[in-house]
Amino acid sequence: MSSIGAWPPPRAFWTDTLPEKTDGMTRPHLFKGIVPASAANAAAVLDGFAAIRRAHAVGLEITANARVYVGEEHRPDLVDKVLAADAWPEGGFTAWMQEQVGAERFSLVLNTLESVSPPLAAGLGEFVGALTEGWGLPAGGAELVAFVGNYSGTAFGVHEGYENAFLTHYGPGTKDFYCWSAEAYRKLTGGSDPLYGDYTWLLEHGEHFALEPGDALFLPERVFHVGRQSEFSVSVAIPLYTFPDAAIARAWIAPDLLGALLVSEPDTDAGKPSPMQPLTVGPDELALRLTKVTAAAFTTAAEQAQAAAEAHAHQRWHTVLSNGGWQQTDHDLARDEAAAAFAAGTLVPGTSVAVRAPYRLMVTREQAFLRGCETAADPAVLTPDLVERLNTGPTALPDDPKVLAAIRTLGATGGLTITTTPEETE
């Protein structure tokens with residue numbers, strides 16, 4: 001029986017229930033039976049793994065990846081074997097994996113699963129969408145990370161989680177999960193390094209949760225944890241990437257801003273080579289010139305910082321929201337396949353088109369964002385009414401060349417689907 005009674009969790013869950021049960025998002029809490037099998041299940045996770053194998057078979061580069069562990073040992077040497085082997089028989093995945101890795105107990109970790117599994121991206125996207133509406137937007141987006149196997153302990157050992165996350169469980173076996181606050185872990189172990197091997201002595205000091213199919217465990221940031229199980233089961237973690245503000249500025253805003261200010265193209269004053277340096281002068285003259293250039297760039301950067309930060313925040317905000325809350329992925333197999341399917345369809349007046357769940361079409365200024373992709377847009381063509389109708393369900397396209405052209409462009413993002421053609425509606 002669900003502990004909250006609705007899917008996706010209603011706004012009150014995020015504003016009232018979650019903060020109350022987790023002491024203001026600082027303590028783990030297990031929510032029983034809140035994820036219906038129609039939203040996510042073990043079979044869908046294995047189908048996502050099959051998609052990774054399909055891409056591997058044709059040499060297609062994708063961001064989603066698989067990692068194999070035997071016990072706590074990372075076995076990259078087994079990945080190609082697991083990806084290239086013949087398909088497992090129906091209902092025989094565990095025995096198939098045991099044969100591939102040559103061991104009874106194994107762990108298979110799948111990253112960026114939302115980019116290879118449309119059903120999971122849509123089903124758990126309902127959860128992320130409700131989370132965004134009720135709690136807030138993770139500026140780096142969310143990810144799906146699957147843990148598949150019959151391992152006796154998480155391959156990473158007892159370790160610290162650096163972001164808020166939900167661990168959803170689909171069975172069939174029960175997962176025993178143990179958590180420690182950072183303070184308690186350091187007091188017990190004398191440090192913050194992961195603990196491998198025999199740590200059974202530590203478990204009795206941890207907070208224990210028994211995860212059954214449909215359960216979701218909230219894991220606050222900076223909590224140490226480990227999962228253990230005796231039977232095969234499948235879990236999917238949903239980490240929420242917020243990123244420190246300094247990290248965003250360092251990785252994106254500062255390089256873009258300073259790179260634009262320090263362009264030194266040939267045949268420009270800034271690109272003029274520096275003179276040869278006489279040995280008798282030493283490095284001081286060079287230091288003065290570099291100081292002048294650097295100081296001028298930083299002074300101008302400070303003046304332009306607000307505009308640069310606003311532009312980055314605008315783009316990041318709409319990128320993540322239009323992508324259904326998921327992180328942006330360069331080599332997204334599901335996106336590419338959806339774009340190819342759309343391009344193969346017939347787009348004429350009367351064709352019905354809709355935005356794919358859980359993505360969102362957003363038009364702001366003269367930009368359109370869909371499924372994390374950005375393109376130029378004319379707000380007079382992609383009107384608020386048309387955008388709303390596309391987001392809420394199938395919309396018959398008008399006999400307007402500009403609208404048809406805009407829809408074709410948006411179709412290349414993989415965020416649209418053709419639902420009916422004029423012939424099918426006659």
# chains A, B, ... in the order shown; residues from 1 in each chain; ligands from 1

$ residues_around --residues "Ala377 of chain A" --least-positions-apart "5" --cutoff "8 Å" --atoms "only C-alpha atoms" --output "PyMOL selection string"
chain A and resi 363+366-368+382+406

$ write_last_selection --atoms "N, CA, C and O atoms" --output "mmCIF file, in the first residue's frame"
data_model
loop_
_atom_site.group_PDB
_atom_site.id
_atom_site.type_symbol
_atom_site.label_atom_id
_atom_site.label_comp_id
_atom_site.auth_asym_id
_atom_site.auth_seq_id
_atom_site.Cartn_x
_atom_site.Cartn_y
_atom_site.Cartn_z
ATOM 1 N N VAL A 363 9.088 28.531 -25.311
ATOM 2 C CA VAL A 363 9.527 29.597 -26.211
ATOM 3 C C VAL A 363 9.699 30.852 -25.377
ATOM 4 O O VAL A 363 8.769 31.316 -24.707
ATOM 5 N N GLU A 366 13.558 34.959 -28.365
ATOM 6 C CA GLU A 366 13.452 34.412 -29.727
ATOM 7 C C GLU A 366 14.125 33.043 -29.775
ATOM 8 O O GLU A 366 14.783 32.681 -30.757
ATOM 9 N N GLN A 367 13.925 32.275 -28.696
ATOM 10 C CA GLN A 367 14.507 30.946 -28.599
ATOM 11 C C GLN A 367 13.417 29.931 -28.275
ATOM 12 O O GLN A 367 12.474 30.230 -27.551
ATOM 13 N N ALA A 368 13.569 28.753 -28.826
ATOM 14 C CA ALA A 368 12.705 27.635 -28.474
ATOM 15 C C ALA A 368 13.565 26.552 -27.851
ATOM 16 O O ALA A 368 14.649 26.233 -28.353
ATOM 17 N N LEU A 382 5.422 30.383 -33.352
ATOM 18 C CA LEU A 382 5.197 29.486 -32.220
ATOM 19 C C LEU A 382 4.508 30.296 -31.123
ATOM 20 O O LEU A 382 5.116 30.706 -30.133
ATOM 21 N N ALA A 406 8.628 25.425 -38.705
ATOM 22 C CA ALA A 406 9.044 25.465 -37.296
ATOM 23 C C ALA A 406 8.905 24.093 -36.657
ATOM 24 O O ALA A 406 9.768 23.668 -35.874
#

$ select_by_dssp --residues "segment 308-362 of chain A" --states "strand (DSSP E)" --output "list in words"
Ser352, Val353, Ala354, Val355 and Met362 of chain A

$ write_last_selection --atoms "C-alpha atoms" --output "mmCIF file, in the first residue's frame"
data_model
loop_
_atom_site.group_PDB
_atom_site.id
_atom_site.type_symbol
_atom_site.label_atom_id
_atom_site.label_comp_id
_atom_site.auth_asym_id
_atom_site.auth_seq_id
_atom_site.Cartn_x
_atom_site.Cartn_y
_atom_site.Cartn_z
ATOM 1 C CA SER A 352 -1.423 15.752 -35.538
ATOM 2 C CA VAL A 353 1.724 16.333 -33.516
ATOM 3 C CA ALA A 354 2.437 16.291 -29.779
ATOM 4 C CA VAL A 355 5.368 16.858 -27.436
ATOM 5 C CA MET A 362 9.270 26.426 -24.112
#

$ closest_atom_pairs --of "segment 210-230 of chain A" --to "segment 127-148 of chain A" --cutoff "12 Å" --atoms "only C-alpha atoms" --output "tab-separated table"
residue	atom	partner	partner_atom	distance
A:Ala216	CA	A:Phe127	CA	10.9
A:Gly227	CA	A:Phe147	CA	9.9
A:Arg228	CA	A:Phe147	CA	11.2
A:Gln229	CA	A:Val148	CA	10.9

$ closest_residue --among "A:Val263, A:Glu183, A:Val109, A:Val223" --to "Tyr162 of chain A" --atoms "only C-alpha atoms"
A:Val223

$ residues_around --residues "Leu347 of chain A" --least-positions-apart "6" --cutoff "8 Å" --atoms "only C-alpha atoms" --output "ChimeraX atom specification"
/A:404,408,421

$ atom_distance --atom1 "atom CA of Asp77 of chain A" --atom2 "atom CA of Thr94 of chain A"
19.3 Å

$ atom_distance --atom1 "atom CA of Asp80 of chain A" --atom2 "atom CA of Ser117 of chain A"
20.5 Å

$ residues_around --residues "Ser152 of chain A" --least-positions-apart "6" --cutoff "10 Å" --atoms "only C-alpha atoms" --output "MDAnalysis selection string"
chainID A and resid 71:72 105:107 175:176 227:232

$ write_last_selection --atoms "C-alpha atoms" --output "PDB file, in the first residue's frame"
ATOM      1  CA  GLY A  71      32.117  -8.492  -5.550  1.00  0.00           C
ATOM      2  CA  GLU A  72      33.736  -5.111  -4.997  1.00  0.00           C
ATOM      3  CA  ARG A 105      27.315 -12.876  -7.420  1.00  0.00           C
ATOM      4  CA  PHE A 106      27.515  -9.835  -9.686  1.00  0.00           C
ATOM      5  CA  SER A 107      26.628  -6.162  -9.978  1.00  0.00           C
ATOM      6  CA  LYS A 175      17.312  -4.702  -0.634  1.00  0.00           C
ATOM      7  CA  ASP A 176      18.692  -3.976   2.833  1.00  0.00           C
ATOM      8  CA  GLY A 227      23.037  -1.540  -0.082  1.00  0.00           C
ATOM      9  CA  ARG A 228      23.056  -5.306   0.512  1.00  0.00           C
ATOM     10  CA  GLN A 229      20.924  -8.138  -0.808  1.00  0.00           C
ATOM     11  CA  SER A 230      20.877 -11.907  -1.011  1.00  0.00           C
ATOM     12  CA  GLU A 231      18.608 -12.281  -4.063  1.00  0.00           C
ATOM     13  CA  PHE A 232      18.595 -10.728  -7.526  1.00  0.00           C
TER      14      PHE A 232
END

$ closest_residue --among "A:Gly5, A:Gly393, A:Gly33, A:Pro172" --to "Gly149 of chain A" --atoms "only C-alpha atoms"
A:Pro172

$ decode --residues "segment 21-43 of chain A" --atoms "N, CA, C and O atoms" --output "mmCIF file, in the first residue's frame"
data_model
loop_
_atom_site.group_PDB
_atom_site.id
_atom_site.type_symbol
_atom_site.label_atom_id
_atom_site.label_comp_id
_atom_site.auth_asym_id
_atom_site.auth_seq_id
_atom_site.Cartn_x
_atom_site.Cartn_y
_atom_site.Cartn_z
ATOM 1 N N LYS A 21 9.004 14.324 7.232
ATOM 2 C CA LYS A 21 9.539 12.977 7.439
ATOM 3 C C LYS A 21 11.061 12.949 7.441
ATOM 4 O O LYS A 21 11.660 12.010 7.987
ATOM 5 N N THR A 22 11.695 13.931 6.825
ATOM 6 C CA THR A 22 13.159 13.908 6.668
ATOM 7 C C THR A 22 13.862 14.978 7.496
ATOM 8 O O THR A 22 15.050 15.229 7.279
ATOM 9 N N ASP A 23 13.127 15.579 8.423
ATOM 10 C CA ASP A 23 13.706 16.628 9.272
ATOM 11 C C ASP A 23 14.330 17.722 8.408
ATOM 12 O O ASP A 23 15.487 18.098 8.575
ATOM 13 N N GLY A 24 13.505 18.231 7.482
ATOM 14 C CA GLY A 24 13.986 19.298 6.609
ATOM 15 C C GLY A 24 14.984 18.833 5.577
ATOM 16 O O GLY A 24 15.950 19.525 5.255
ATOM 17 N N MET A 25 14.755 17.672 4.997
ATOM 18 C CA MET A 25 15.620 17.085 3.963
ATOM 19 C C MET A 25 17.034 16.790 4.483
ATOM 20 O O MET A 25 18.008 16.870 3.732
ATOM 21 N N THR A 26 17.161 16.404 5.737
ATOM 22 C CA THR A 26 18.480 16.102 6.302
ATOM 23 C C THR A 26 18.609 14.657 6.762
ATOM 24 O O THR A 26 19.707 14.214 7.081
ATOM 25 N N ARG A 27 17.503 13.907 6.789
ATOM 26 C CA ARG A 27 17.548 12.516 7.236
ATOM 27 C C ARG A 27 16.908 11.607 6.188
ATOM 28 O O ARG A 27 15.934 11.979 5.538
ATOM 29 N N PRO A 28 17.432 10.377 6.038
ATOM 30 C CA PRO A 28 16.811 9.437 5.109
ATOM 31 C C PRO A 28 15.424 9.038 5.595
ATOM 32 O O PRO A 28 15.143 9.037 6.794
ATOM 33 N N HIS A 29 14.564 8.693 4.655
ATOM 34 C CA HIS A 29 13.232 8.183 5.007
ATOM 35 C C HIS A 29 12.753 7.290 3.878
ATOM 36 O O HIS A 29 12.926 7.594 2.697
ATOM 37 N N LEU A 30 12.130 6.164 4.253
ATOM 38 C CA LEU A 30 11.617 5.219 3.271
ATOM 39 C C LEU A 30 10.121 5.433 3.063
ATOM 40 O O LEU A 30 9.328 5.347 4.002
ATOM 41 N N PHE A 31 9.749 5.701 1.813
ATOM 42 C CA PHE A 31 8.345 5.849 1.441
ATOM 43 C C PHE A 31 7.913 4.545 0.776
ATOM 44 O O PHE A 31 8.444 4.157 -0.262
ATOM 45 N N LYS A 32 6.955 3.888 1.392
ATOM 46 C CA LYS A 32 6.564 2.549 0.969
ATOM 47 C C LYS A 32 5.599 2.578 -0.221
ATOM 48 O O LYS A 32 4.619 3.324 -0.232
ATOM 49 N N GLY A 33 5.909 1.748 -1.216
ATOM 50 C CA GLY A 33 4.992 1.472 -2.310
ATOM 51 C C GLY A 33 4.511 2.660 -3.103
ATOM 52 O O GLY A 33 3.365 2.662 -3.562
ATOM 53 N N ILE A 34 5.369 3.666 -3.294
ATOM 54 C CA ILE A 34 4.862 4.871 -3.965
ATOM 55 C C ILE A 34 5.069 4.853 -5.472
ATOM 56 O O ILE A 34 4.466 5.639 -6.187
ATOM 57 N N VAL A 35 5.929 3.950 -5.994
ATOM 58 C CA VAL A 35 6.191 3.917 -7.436
ATOM 59 C C VAL A 35 5.412 2.767 -8.060
ATOM 60 O O VAL A 35 5.735 1.596 -7.837
ATOM 61 N N PRO A 36 4.388 3.035 -8.852
ATOM 62 C CA PRO A 36 3.617 1.945 -9.477
ATOM 63 C C PRO A 36 4.434 1.259 -10.562
ATOM 64 O O PRO A 36 5.297 1.872 -11.205
ATOM 65 N N ALA A 37 4.153 -0.015 -10.763
ATOM 66 C CA ALA A 37 4.878 -0.774 -11.791
ATOM 67 C C ALA A 37 4.660 -0.199 -13.176
ATOM 68 O O ALA A 37 5.498 -0.372 -14.076
ATOM 69 N N SER A 38 3.542 0.508 -13.375
ATOM 70 C CA SER A 38 3.281 1.122 -14.683
ATOM 71 C C SER A 38 4.240 2.272 -14.972
ATOM 72 O O SER A 38 4.466 2.631 -16.128
ATOM 73 N N ALA A 39 4.828 2.857 -13.926
ATOM 74 C CA ALA A 39 5.773 3.964 -14.105
ATOM 75 C C ALA A 39 7.190 3.467 -14.295
ATOM 76 O O ALA A 39 7.956 4.026 -15.084
ATOM 77 N N ALA A 40 7.566 2.421 -13.573
ATOM 78 C CA ALA A 40 8.917 1.880 -13.670
ATOM 79 C C ALA A 40 8.931 0.475 -13.087
ATOM 80 O O ALA A 40 8.249 0.197 -12.101
ATOM 81 N N ASN A 41 9.723 -0.396 -13.690
ATOM 82 C CA ASN A 41 9.810 -1.777 -13.221
ATOM 83 C C ASN A 41 11.115 -2.397 -13.688
ATOM 84 O O ASN A 41 11.844 -1.808 -14.504
ATOM 85 N N ALA A 42 11.408 -3.584 -13.180
ATOM 86 C CA ALA A 42 12.676 -4.237 -13.494
ATOM 87 C C ALA A 42 12.806 -4.554 -14.976
ATOM 88 O O ALA A 42 13.887 -4.438 -15.566
ATOM 89 N N ALA A 43 11.707 -4.951 -15.613
ATOM 90 C CA ALA A 43 11.753 -5.290 -17.037
ATOM 91 C C ALA A 43 12.158 -4.090 -17.878
ATOM 92 O O ALA A 43 12.919 -4.220 -18.852
#
